[in-house]
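File shown here: final.tsv, holding TSV, C-alpha atoms.
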```
chain	number	residue	atom	x	y	z
A	1197	MET	CA	81.81	-143.77	-164.74
A	1198	SER	CA	84.96	-141.65	-164.36
A	1199	VAL	CA	86.43	-140.86	-160.95
A	1200	THR	CA	89.68	-139.22	-159.83
A	1201	PHE	CA	91.83	-140.63	-157.05
A	1202	ASN	CA	93.79	-137.95	-155.16
A	1203	LEU	CA	96.97	-138.46	-153.17
A	1204	PRO	CA	95.77	-139.39	-149.66
A	1205	ASP	CA	97.30	-138.38	-146.35
A	1206	LEU	CA	99.69	-141.25	-145.77
A	1207	GLY	CA	99.54	-140.85	-142.02
A	1208	GLU	CA	102.51	-138.51	-141.52
A	1209	GLY	CA	100.61	-135.23	-141.82
A	1210	LEU	CA	102.89	-134.17	-144.68
A	1211	PRO	CA	101.82	-131.77	-147.44
A	1212	GLU	CA	103.41	-133.74	-150.28
A	1213	ALA	CA	105.13	-136.90	-151.43
A	1214	GLU	CA	107.55	-137.72	-154.23
A	1215	ILE	CA	106.67	-140.46	-156.71
A	1216	VAL	CA	109.37	-143.13	-156.77
A	1217	SER	CA	107.81	-145.43	-159.37
A	1218	TRP	CA	104.50	-146.44	-160.92
A	1219	HIS	CA	103.43	-150.09	-160.80
A	1220	VAL	CA	100.65	-149.58	-163.36
A	1221	LYS	CA	100.17	-147.80	-166.67
A	1222	GLU	CA	97.38	-146.06	-168.55
A	1223	GLY	CA	94.84	-148.45	-170.05
A	1224	GLN	CA	95.58	-151.16	-167.50
A	1225	ARG	CA	92.85	-152.77	-165.41
A	1226	VAL	CA	93.49	-152.89	-161.66
A	1227	GLU	CA	91.77	-154.42	-158.66
A	1228	VAL	CA	91.07	-153.04	-155.21
A	1229	ASP	CA	94.23	-152.97	-153.03
A	1230	GLN	CA	96.53	-153.63	-155.97
A	1231	PRO	CA	99.65	-151.41	-155.57
A	1232	LEU	CA	99.40	-148.37	-157.83
A	1233	LEU	CA	102.68	-146.63	-157.10
A	1234	SER	CA	105.49	-146.18	-154.59
A	1235	VAL	CA	105.96	-142.76	-153.04
A	1236	GLU	CA	108.66	-141.33	-150.82
A	1237	THR	CA	107.40	-139.32	-147.90
A	1238	ALA	CA	109.66	-137.56	-145.41
A	1239	LYS	CA	111.48	-140.70	-144.33
A	1240	ALA	CA	109.94	-143.81	-145.85
A	1241	VAL	CA	109.03	-145.34	-149.17
A	1242	VAL	CA	105.46	-146.69	-149.12
A	1243	ASP	CA	103.11	-148.30	-151.61
A	1244	VAL	CA	99.75	-146.68	-152.29
A	1245	PRO	CA	97.04	-149.26	-153.07
A	1246	SER	CA	94.16	-148.81	-155.47
A	1247	PRO	CA	90.85	-147.92	-153.81
A	1248	TYR	CA	88.91	-149.12	-156.87
A	1249	SER	CA	88.59	-151.94	-159.33
A	1250	GLY	CA	88.54	-150.51	-162.84
A	1251	ASN	CA	90.54	-149.24	-165.79
A	1252	ILE	CA	93.20	-146.56	-165.49
A	1253	VAL	CA	92.46	-143.68	-167.83
A	1254	ARG	CA	95.19	-141.22	-166.87
A	1255	LEU	CA	98.23	-140.92	-164.60
A	1256	HIS	CA	98.53	-137.31	-163.48
A	1257	ALA	CA	102.25	-137.38	-162.61
A	1258	LYS	CA	105.39	-139.25	-163.51
A	1259	ALA	CA	108.21	-140.81	-161.50
A	1260	GLY	CA	110.27	-138.11	-159.83
A	1261	ASP	CA	107.40	-135.63	-159.54
A	1262	THR	CA	106.37	-134.22	-156.18
A	1263	VAL	CA	102.60	-134.29	-155.65
A	1264	GLN	CA	100.71	-132.29	-153.04
A	1265	THR	CA	98.46	-134.22	-150.69
A	1266	GLY	CA	94.92	-134.00	-152.03
A	1267	ARG	CA	95.99	-133.42	-155.64
A	1268	PRO	CA	94.98	-135.81	-158.47
A	1269	LEU	CA	96.98	-138.99	-158.99
A	1270	VAL	CA	94.91	-141.31	-161.16
A	1271	ASP	CA	91.71	-141.12	-163.23
A	1272	PHE	CA	89.68	-144.34	-163.19
A	1273	ASP	CA	86.96	-145.60	-165.50
A	1274	LEU	CA	84.69	-147.61	-163.20
A	1275	PRO	CA	81.69	-149.85	-163.74
A	1276	SER	CA	78.54	-147.98	-162.83
A	1277	GLN	CA	78.08	-150.04	-159.64
A	1278	ALA	CA	81.65	-149.52	-158.40
A	1279	THR	CA	82.24	-148.08	-154.95
A	1280	LYS	CA	85.25	-147.33	-152.84
A	1281	ALA	CA	86.84	-150.25	-151.04
A	1282	SER	CA	86.80	-148.29	-147.81
A	1283	ASP	CA	83.23	-146.99	-148.05
A	1284	ALA	CA	80.99	-149.51	-149.79
A	1285	GLY	CA	77.62	-148.04	-150.61
A	1286	ALA	CA	78.78	-144.42	-150.90
A	1287	PRO	CA	78.68	-142.66	-154.25
A	1288	ALA	CA	82.02	-143.09	-156.02
A	1289	GLN	CA	82.19	-139.45	-157.02
A	1290	ALA	CA	82.09	-138.38	-153.38
A	1291	ASN	CA	85.84	-138.41	-153.00
A	1292	GLN	CA	85.87	-136.96	-149.48
A	1293	GLY	CA	86.89	-140.26	-147.89
A	1294	MET	CA	89.80	-140.59	-150.27
A	1295	VAL	CA	91.73	-137.60	-149.09
A	1296	VAL	CA	91.88	-135.68	-145.84
A	1297	GLY	CA	89.23	-133.00	-146.04
A	1298	HIS	CA	85.88	-131.76	-144.88
A	1299	MET	CA	82.73	-133.82	-144.69
A	1300	ALA	CA	79.90	-131.95	-146.34
A	1301	THR	CA	77.30	-133.31	-143.94
A	1302	ARG	CA	79.07	-132.78	-140.61
A	1303	ASN	CA	80.20	-129.79	-138.60
A	1304	GLU	CA	83.52	-131.49	-137.90
A	1305	GLU	CA	86.77	-132.07	-139.75
A	1306	LEU	CA	87.49	-135.61	-140.88
A	1307	VAL	CA	91.13	-136.64	-140.72
A	1308	ASP	CA	92.13	-139.95	-142.29
A	1309	HIS	CA	95.34	-141.10	-140.65
A	1310	ALA	CA	96.39	-143.85	-143.04
A	1311	ILE	CA	96.31	-145.08	-146.62
A	1312	VAL	CA	92.89	-145.19	-148.24
A	1313	GLY	CA	90.82	-148.22	-147.34
A	1314	ARG	CA	92.84	-148.98	-144.23
A	1315	GLY	CA	92.62	-145.80	-142.24
A	1316	ARG	CA	91.57	-144.90	-138.76
A	1317	ARG	CA	89.41	-141.81	-138.63
A	1318	ALA	CA	89.13	-139.15	-135.99
A	1319	TYR	CA	86.95	-136.10	-135.67
A	1320	ARG	CA	88.14	-132.78	-134.38
A	1321	ASP	CA	86.16	-129.81	-133.23
A	1322	ARG	CA	86.39	-126.78	-135.48
A	1323	GLY	CA	85.97	-124.33	-132.66
A	1324	ARG	CA	89.69	-123.89	-132.04
A	1325	VAL	CA	91.95	-122.15	-134.54
A	1326	ARG	CA	94.26	-124.79	-136.02
A	1327	ALA	CA	97.94	-123.89	-136.40
A	1328	ALA	CA	101.32	-125.49	-135.84
A	1329	PRO	CA	103.20	-124.45	-132.67
A	1330	ALA	CA	105.81	-122.52	-134.69
A	1331	VAL	CA	103.01	-120.59	-136.44
A	1332	ARG	CA	101.44	-119.75	-133.08
A	1333	MET	CA	104.79	-118.48	-131.87
A	1334	LEU	CA	105.23	-116.31	-134.98
A	1335	ALA	CA	101.75	-114.87	-134.55
A	1336	LYS	CA	102.49	-114.06	-130.92
A	1337	ARG	CA	105.76	-112.34	-131.88
A	1338	LEU	CA	104.03	-110.24	-134.52
A	1339	GLY	CA	101.02	-109.46	-132.37
A	1340	VAL	CA	98.64	-111.18	-134.76
A	1341	GLU	CA	95.39	-112.82	-133.62
A	1342	LEU	CA	95.20	-116.28	-135.18
A	1343	SER	CA	91.42	-116.10	-135.29
A	1344	ALA	CA	91.73	-113.09	-137.61
A	1345	CYS	CA	93.91	-114.93	-140.14
A	1346	SER	CA	92.65	-116.60	-143.29
A	1347	ALA	CA	93.38	-120.32	-143.00
A	1348	THR	CA	94.78	-121.34	-146.39
A	1349	GLY	CA	96.86	-124.29	-145.18
A	1350	ARG	CA	95.98	-127.92	-145.68
A	1351	HIS	CA	92.98	-129.10	-143.60
A	1352	GLY	CA	92.21	-125.51	-142.60
A	1353	LEU	CA	95.53	-124.87	-140.86
A	1354	VAL	CA	96.68	-121.28	-140.43
A	1355	SER	CA	100.04	-121.13	-142.20
A	1356	VAL	CA	103.09	-118.90	-141.80
A	1357	ASP	CA	102.07	-116.99	-144.93
A	1358	ASP	CA	98.60	-116.41	-143.48
A	1359	VAL	CA	100.13	-114.84	-140.38
A	1360	LEU	CA	102.53	-112.72	-142.43
A	1361	ALA	CA	99.72	-111.57	-144.70
A	1362	ARG	CA	97.67	-110.50	-141.70
A	1363	ALA	CA	100.66	-108.56	-140.40
A	1364	ASN	CA	101.00	-106.89	-143.83
A	1365	LEU	CA	104.42	-108.42	-144.34
A	1366	SER	CA	105.46	-109.94	-147.65
A	1367	LYS	CA	107.47	-113.11	-148.08
A	1368	SER	CA	110.32	-111.09	-149.55
A	1369	GLN	CA	110.57	-109.13	-146.32
A	1370	GLN	CA	110.74	-112.26	-144.24
A	1371	ARG	CA	113.02	-114.50	-146.27
A	1372	ALA	CA	116.59	-114.18	-147.47
A	1373	PRO	CA	117.09	-113.66	-151.23
A	1374	ALA	CA	117.28	-116.82	-153.30
A	1375	VAL	CA	120.77	-118.24	-153.73
A	1376	PRO	CA	121.83	-117.65	-157.35
A	1377	GLY	CA	122.60	-120.66	-159.50
A	1378	LEU	CA	120.35	-123.15	-157.68
A	1379	THR	CA	117.77	-125.04	-159.73
A	1380	ASP	CA	114.98	-127.52	-159.06
A	1381	ALA	CA	117.57	-130.29	-159.29
A	1382	ASP	CA	119.22	-128.88	-156.15
A	1383	LYS	CA	116.07	-129.01	-154.01
A	1384	LEU	CA	116.21	-131.17	-150.91
A	1385	ARG	CA	114.02	-134.26	-151.04
A	1386	GLY	CA	112.94	-137.09	-148.79
A	1387	PRO	CA	114.85	-137.42	-145.48
A	1388	ARG	CA	117.04	-134.38	-146.11
A	1389	LYS	CA	114.01	-132.17	-146.68
A	1390	ALA	CA	112.35	-133.61	-143.58
A	1391	MET	CA	115.50	-132.88	-141.56
A	1392	ALA	CA	115.53	-129.27	-142.74
A	1393	GLN	CA	111.90	-128.84	-141.72
A	1394	SER	CA	112.30	-130.57	-138.35
A	1395	MET	CA	115.42	-128.63	-137.43
A	1396	SER	CA	113.81	-125.33	-138.43
A	1397	LEU	CA	110.82	-126.13	-136.23
A	1398	SER	CA	113.14	-127.11	-133.38
A	1399	ARG	CA	115.13	-123.88	-133.74
A	1400	ASP	CA	112.04	-121.68	-133.85
A	1401	GLU	CA	110.03	-123.31	-131.09
A	1402	ILE	CA	112.11	-124.92	-128.37
A	1403	ALA	CA	114.03	-123.29	-125.53
A	1404	MET	CA	117.14	-125.45	-125.83
A	1405	CYS	CA	119.50	-126.12	-122.95
A	1406	THR	CA	122.34	-128.65	-123.12
A	1407	ILE	CA	124.40	-130.12	-120.28
A	1408	PHE	CA	127.54	-132.22	-120.67
A	1409	ASP	CA	129.21	-134.89	-118.57
A	1410	ASP	CA	131.15	-138.16	-118.86
A	1411	ALA	CA	130.44	-141.68	-117.67
A	1412	ASP	CA	133.52	-143.55	-116.48
A	1413	ILE	CA	133.08	-147.04	-117.93
A	1414	ASP	CA	136.53	-148.34	-117.08
A	1415	ALA	CA	134.97	-150.82	-114.68
A	1416	TRP	CA	133.11	-152.62	-117.47
A	1417	GLN	CA	134.21	-156.25	-117.52
A	1418	ASN	CA	134.39	-156.02	-121.31
A	1419	ARG	CA	133.58	-153.38	-123.89
A	1420	GLY	CA	130.07	-154.85	-124.19
A	1421	ASP	CA	127.21	-153.56	-126.29
A	1422	ILE	CA	127.44	-149.80	-125.85
A	1423	SER	CA	124.21	-149.05	-127.74
A	1424	ILE	CA	122.12	-151.35	-125.57
A	1425	ARG	CA	123.83	-150.10	-122.41
A	1426	LEU	CA	122.81	-146.59	-123.48
A	1427	VAL	CA	119.23	-147.73	-124.03
A	1428	ARG	CA	119.17	-149.32	-120.57
A	1429	ALA	CA	120.72	-146.21	-119.03
A	1430	ILE	CA	118.08	-143.98	-120.62
A	1431	ALA	CA	115.38	-146.23	-119.15
A	1432	ALA	CA	117.05	-145.88	-115.75
A	1433	GLY	CA	117.21	-142.10	-116.15
A	1434	ILE	CA	113.52	-141.89	-117.02
A	1435	LYS	CA	112.63	-144.08	-114.06
A	1436	ALA	CA	114.50	-141.65	-111.82
A	1437	GLU	CA	113.07	-138.56	-113.54
A	1438	PRO	CA	109.92	-139.21	-115.65
A	1439	ALA	CA	109.68	-135.55	-116.68
A	1440	LEU	CA	112.02	-136.16	-119.61
A	1441	ASN	CA	109.78	-138.84	-121.17
A	1442	ALA	CA	107.00	-136.49	-122.15
A	1443	TRP	CA	105.23	-134.55	-124.88
A	1444	PHE	CA	104.75	-130.81	-124.61
A	1445	ASP	CA	102.19	-128.56	-126.30
A	1446	PRO	CA	103.01	-124.85	-125.93
A	1447	ALA	CA	99.50	-123.88	-127.04
A	1448	GLY	CA	98.11	-125.03	-123.69
A	1449	PRO	CA	100.67	-124.92	-122.38
A	1450	SER	CA	100.29	-128.56	-121.44
A	1451	ARG	CA	102.52	-131.54	-120.78
A	1452	LYS	CA	101.82	-135.26	-120.89
A	1453	LEU	CA	104.12	-137.72	-119.14
A	1454	MET	CA	104.32	-140.89	-121.20
A	1455	GLU	CA	103.99	-144.26	-119.48
A	1456	GLN	CA	106.05	-146.25	-121.99
A	1457	VAL	CA	109.47	-145.37	-123.33
A	1458	HIS	CA	109.48	-145.39	-127.12
A	1459	LEU	CA	113.05	-144.55	-128.06
A	1460	ALA	CA	113.91	-142.91	-131.38
A	1461	ILE	CA	117.34	-143.95	-132.67
A	1462	ALA	CA	119.05	-141.60	-135.13
A	1463	VAL	CA	120.41	-143.67	-138.04
A	1464	ASP	CA	122.84	-142.17	-140.55
A	1465	THR	CA	122.09	-143.26	-144.13
A	1466	ASN	CA	123.20	-142.23	-147.60
A	1467	ASP	CA	119.83	-140.52	-148.02
A	1468	GLY	CA	120.14	-138.54	-144.79
A	1469	LEU	CA	119.27	-138.95	-141.14
A	1470	ILE	CA	116.33	-141.30	-140.50
A	1471	VAL	CA	114.92	-141.97	-137.05
A	1472	PRO	CA	113.17	-145.32	-136.45
A	1473	VAL	CA	111.74	-146.20	-133.03
A	1474	LEU	CA	112.49	-148.91	-130.49
A	1475	ARG	CA	109.16	-149.63	-128.83
A	1476	ASP	CA	108.60	-150.03	-125.08
A	1477	VAL	CA	112.27	-150.46	-124.25
A	1478	THR	CA	111.70	-151.01	-120.52
A	1479	SER	CA	109.81	-154.26	-121.10
A	1480	GLN	CA	112.51	-155.94	-123.21
A	1481	SER	CA	115.70	-157.81	-122.38
A	1482	ALA	CA	119.08	-156.80	-123.77
A	1483	PRO	CA	119.06	-159.57	-126.43
A	1484	GLN	CA	115.54	-158.57	-127.50
A	1485	LEU	CA	116.57	-154.91	-127.78
A	1486	ARG	CA	119.67	-155.83	-129.78
A	1487	ALA	CA	117.63	-157.97	-132.20
A	1488	GLN	CA	115.05	-155.21	-132.65
A	1489	LEU	CA	117.75	-152.56	-133.10
A	1490	ASP	CA	119.62	-154.60	-135.72
A	1491	ASP	CA	116.37	-155.21	-137.58
A	1492	ILE	CA	115.22	-151.60	-137.72
A	1493	LYS	CA	118.69	-150.33	-138.65
A	1494	GLN	CA	118.93	-152.80	-141.53
A	1495	ARG	CA	115.48	-151.90	-142.84
A	1496	THR	CA	116.12	-148.19	-142.34
A	1497	ARG	CA	119.25	-148.28	-144.48
A	1498	ALA	CA	117.38	-150.39	-147.05
A	1499	ARG	CA	114.55	-147.80	-146.98
A	1500	THR	CA	111.96	-150.48	-146.21
A	1501	ILE	CA	111.11	-149.10	-142.77
A	1502	THR	CA	107.43	-148.12	-142.56
A	1503	PRO	CA	106.01	-144.74	-141.44
A	1504	GLU	CA	104.36	-146.43	-138.44
A	1505	GLU	CA	107.81	-147.43	-137.18
A	1506	MET	CA	108.95	-143.80	-137.02
A	1507	ARG	CA	106.02	-142.27	-135.16
A	1508	ASP	CA	105.06	-141.48	-131.60
A	1509	TYR	CA	108.47	-141.71	-129.97
A	1510	THR	CA	108.93	-140.20	-126.52
A	1511	PHE	CA	112.71	-139.77	-126.24
A	1512	THR	CA	115.64	-139.72	-128.67
A	1513	LEU	CA	119.15	-141.22	-128.64
A	1514	SER	CA	121.93	-140.11	-130.97
A	1515	ASN	CA	125.04	-142.29	-130.78
A	1516	PHE	CA	127.18	-140.06	-133.00
A	1517	GLY	CA	130.39	-141.17	-131.28
A	1518	THR	CA	130.51	-144.26	-133.46
A	1519	VAL	CA	131.94	-141.91	-136.11
A	1520	ALA	CA	133.68	-138.98	-134.39
A	1521	GLY	CA	133.15	-136.17	-131.93
A	1522	ARG	CA	133.15	-135.83	-128.17
A	1523	TYR	CA	130.30	-133.47	-127.30
A	1524	ALA	CA	127.42	-131.96	-129.28
A	1525	THR	CA	124.29	-129.85	-128.89
A	1526	PRO	CA	121.66	-132.23	-130.31
A	1527	LEU	CA	118.30	-130.66	-131.13
A	1528	VAL	CA	115.00	-131.73	-129.62
A	1529	VAL	CA	112.16	-132.27	-132.09
A	1530	PRO	CA	108.66	-131.38	-130.81
A	1531	PRO	CA	106.55	-132.64	-129.17
A	1532	THR	CA	109.29	-134.54	-127.29
A	1533	VAL	CA	111.28	-132.69	-124.65
A	1534	ALA	CA	114.74	-134.29	-124.53
A	1535	ILE	CA	117.50	-136.04	-126.49
A	1536	LEU	CA	120.68	-137.76	-125.24
A	1537	ALA	CA	123.77	-137.95	-127.43
A	1538	ALA	CA	126.82	-140.14	-126.84
A	1539	GLY	CA	130.23	-139.14	-128.16
A	1540	LYS	CA	133.34	-141.10	-129.03
A	1541	LEU	CA	134.97	-143.11	-126.23
A	1542	GLN	CA	137.93	-141.29	-124.66
A	1543	ARG	CA	140.96	-142.40	-122.68
A	1544	ASP	CA	141.23	-139.69	-120.03
A	1545	VAL	CA	143.60	-139.10	-117.15
A	1546	VAL	CA	141.64	-139.19	-113.89
A	1547	ALA	CA	142.58	-138.91	-110.24
A	1548	GLY	CA	143.19	-142.37	-108.82
A	1549	ALA	CA	143.38	-143.39	-105.16
A	1550	LYS	CA	147.15	-142.90	-105.06
A	1551	ALA	CA	148.17	-141.65	-108.48
A	1552	PRO	CA	146.76	-140.48	-111.79
A	1553	GLU	CA	145.11	-143.24	-113.82
A	1554	ILE	CA	143.91	-143.60	-117.41
A	1555	HIS	CA	140.22	-144.54	-117.67
A	1556	VAL	CA	137.83	-145.06	-120.56
A	1557	ARG	CA	135.05	-142.51	-120.43
A	1558	LEU	CA	131.89	-142.03	-122.50
A	1559	PRO	CA	131.04	-138.36	-123.24
A	1560	LEU	CA	127.35	-137.48	-122.89
A	1561	SER	CA	125.36	-134.48	-124.10
A	1562	LEU	CA	121.78	-133.98	-122.90
A	1563	THR	CA	119.58	-131.36	-124.55
A	1564	PHE	CA	116.18	-130.59	-123.04
A	1565	ASP	CA	113.32	-128.18	-123.59
A	1566	HIS	CA	113.68	-125.70	-120.76
A	1567	ARG	CA	110.07	-124.52	-121.20
A	1568	CYS	CA	108.79	-127.63	-119.47
A	1569	VAL	CA	111.85	-129.41	-118.02
A	1570	THR	CA	113.65	-127.85	-115.08
A	1571	GLY	CA	117.41	-127.88	-114.69
A	1572	GLY	CA	117.06	-130.08	-111.62
A	1573	GLU	CA	115.00	-132.65	-113.51
A	1574	ALA	CA	117.54	-132.76	-116.33
A	1575	LEU	CA	120.44	-133.13	-113.92
A	1576	ARG	CA	118.75	-135.92	-111.95
A	1577	PHE	CA	118.05	-137.74	-115.21
A	1578	LEU	CA	121.65	-137.43	-116.36
A	1579	ALA	CA	122.99	-138.50	-112.97
A	1580	ALA	CA	120.88	-141.68	-113.12
A	1581	VAL	CA	122.08	-142.36	-116.68
A	1582	ILE	CA	125.72	-142.00	-115.61
A	1583	ASN	CA	125.19	-144.16	-112.53
A	1584	ASP	CA	123.74	-146.95	-114.65
A	1585	LEU	CA	126.51	-146.71	-117.26
A	1586	GLN	CA	129.22	-146.86	-114.59
A	1587	SER	CA	127.90	-150.18	-113.31
A	1588	PRO	CA	130.40	-153.00	-114.19
A	1589	ASN	CA	127.67	-155.16	-115.79
```

Go through the file and emit its structure as structure tokens.
Amino acid sequence: MSVTFNLPDLGEGLPEAEIVSWHVKEGQRVEVDQPLLSVETAKAVVDVPSPYSGNIVRLHAKAGDTVQTGRPLVDFDLPSQATKASDAGAPAQANQGMVVGHMATRNEELVDHAIVGRGRRAYRDRGRVRAAPAVRMLAKRLGVELSACSATGRHGLVSVDDVLARANLSKSQQRAPAVPGLTDADKLRGPRKAMAQSMSLSRDEIAMCTIFDDADIDAWQNRGDISIRLVRAIAAGIKAEPALNAWFDPAGPSRKLMEQVHLAIAVDTNDGLIVPVLRDVTSQSAPQLRAQLDDIKQRTRARTITPEEMRDYTFTLSNFGTVAGRYATPLVVPPTVAILAAGKLQRDVVAGAKAPEIHVRLPLSLTFDHRCVTGGEALRFLAAVINDLQSPN
């Protein structure tokens, strides 16, 4: 019996993935859970396991190709009694559990949040029009009713093109002309492509506001671990003003204050900016945080960090001052509402008790989403951060 395995949703909600390498070849026999191939998603390289035991008849793409989620990857020749590893007893040709899609027998949408055979499933009501926040904003600007749009996006999402089509606007009217001389070889991939998409979403959706200040750390008994001091200071700021540790949904509009602080740390790599997450930072000691930070940085630069370790963060830290720069306007990525950036240490002249003095100061830049965070909340957060950083220990 022949069956086709499509590229599953790997848990990041992304429309595509790039094939890094195949671990199998046509004509080879494979077993359930045996790695078939490695793919690069937005920020991680992950292995996709086989959902079947059988013979490989055809590989639909080669290394370097970009495959859309839900498109064919592998054709299998299976024994007549074979079933999926994740759905024993179901007909093998019913490939709905393999890829995110619609269940033919339910009035709900099935979303598989992980690799085939190991996923958690959730059902969502179809009653509400499904669209990304940026698409909702575009529709509102153009005066288009989302319910009147054809939903051609993945999983029934209303896309930007659907909104533009409803408004009788062509892509050529909305986009700048193509840059001459660029080819497919110049296309952004992996983390750089993800950065372009995230920053575009941030630009289009969030009401950015940035405030700047400096923490005088001249009283520190030694230079210490600046990164961990920043982590501790962020925890202190959130304790003083929980409004900045939140997720915001403009469709509601609604806001959810998060109980735990999961801190995204921007890591600069040769492949682009990748953002792993320090989990529950308020419950860990400084040595534990340092060990976890060293581990995730090493695995991020080695590209062995997993997608699960880059999800569901509640606040972001960018310590760009390790390279250069004093202040910045870092961008918030939805659904979070704030990011703190630390610049390069400065030796500044300050007013002393009797005469000018030279102190070491740490420049800070706090960007927040002014749709759901007030100026007062942001200032109280930053004041608590500075107060914690200025402590001698």

Could you give me, as a VMD selection string, the residues that have an atom at most 9 Å away from the point (103.0, -135.9, -154.9) in the coordinates of the file, using only C-alpha atoms? chain A and resid 1203 1211 to 1215 1235 to 1237 1257 1261 to 1269

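When all atoms listed in the file are used to compute distances to Asp1412 (chain A), the closest of the residues A:Val1471, A:Leu1560, A:Ala1335, A:Leu1527 turns out to be A:Leu1560.
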
Separation of CA of Met1391 (chain A) from CA of Arg1495 (chain A) in Å: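 CA of Arg1495 (chain A) sits 19.1 Å away from CA of Met1391 (chain A).
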
Near Ala1259 (chain A), counting all atoms listed in the file, which residues have an atom at most 7 Å away, once you skip same-chain residues fewer than 3 positions from it, shown as a PyMOL selection string? chain A and resi 1215-1218

Close residues, Asp1400 (chain A) itself excluded, 12 Å, only C-alpha atoms, min 5 positions apart in chain, as a list in words: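 The contact residues come out as Ala1328, Pro1329, Ala1330, Val1331, Arg1332, Met1333, Leu1334, Arg1337, Gln1393, Ser1394, Met1395, Leu1527, Val1528, Val1529 and Pro1530 of chain A.
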
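Candidate residues A:Thr1379, A:Ser1481, A:Thr1563, A:Thr1465 were compared for distance to Ser1398 (chain A), and the nearest is A:Thr1563, using only C-alpha atoms.
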
Separation of CA of Ala1524 (chain A) from CA of Ile1413 (chain A) in Å: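 Rounded to one decimal, the two atoms are 19.7 Å apart.
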
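Put simply, CA of Trp1416 (chain A) is 21.7 Å away from CA of Thr1478 (chain A).
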
Select, from A:Gln1230, A:Val1556, A:His1256, A:Ala1403, the residue with the minimum atom-to-atom distance to Ala1415 (chain A), counting all atoms listed in the file.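 Closest residue, counting all atoms listed in the file: A:Val1556.
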
Tell me, as a list in words, which residues lie within 9 Å of Leu1541 (chain A), counting all atoms listed in the file; anything in the same chain fewer than 2 positions away does not count.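 The contact residues come out as Gly1517, Thr1518, Arg1522, Ala1538, Gly1539, Arg1543, Val1556, Arg1557, Leu1558 and Pro1559 of chain A.
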
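By chain and then residue number, the residues within 9 Å of Phe1577 (chain A) are A:Ile1430, A:Ala1432, A:Gly1433, A:Ile1434, A:Lys1435, A:Ala1436, A:Glu1437, A:Pro1438, A:Ala1439, A:Leu1440, A:Gly1572, A:Glu1573, A:Val1581, A:Ile1582, counting only C-alpha atoms and disregarding those fewer than 4 positions away in sequence.
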
Near Gln1480 (chain A), counting all atoms listed in the file, which residues have an atom at most 12 Å away, once you skip same-chain residues fewer than 4 positions from it, shown as a VMD selection string? chain A and resid 1424 1427 to 1428 1431 1456 to 1458 1474 to 1476 1484 to 1489

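Nearest to Phe1564 (chain A) of all the residues A:Ala1392, A:Leu1255, A:Ala1537, A:Ala1551 is A:Ala1537, based on all atoms listed in the file.
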
Under the rule that only C-alpha atoms are counted, which of A:Thr1496, A:Ser1234, A:Gln1224, A:Asn1441 is the nearest residue to Thr1532 (chain A)? A:Asn1441

Which residue out of A:Leu1513, A:Leu1378, A:Val1325, A:Leu1453 has the minimum interatomic distance to Val1354 (chain A) when all atoms listed in the file are used? A:Val1325
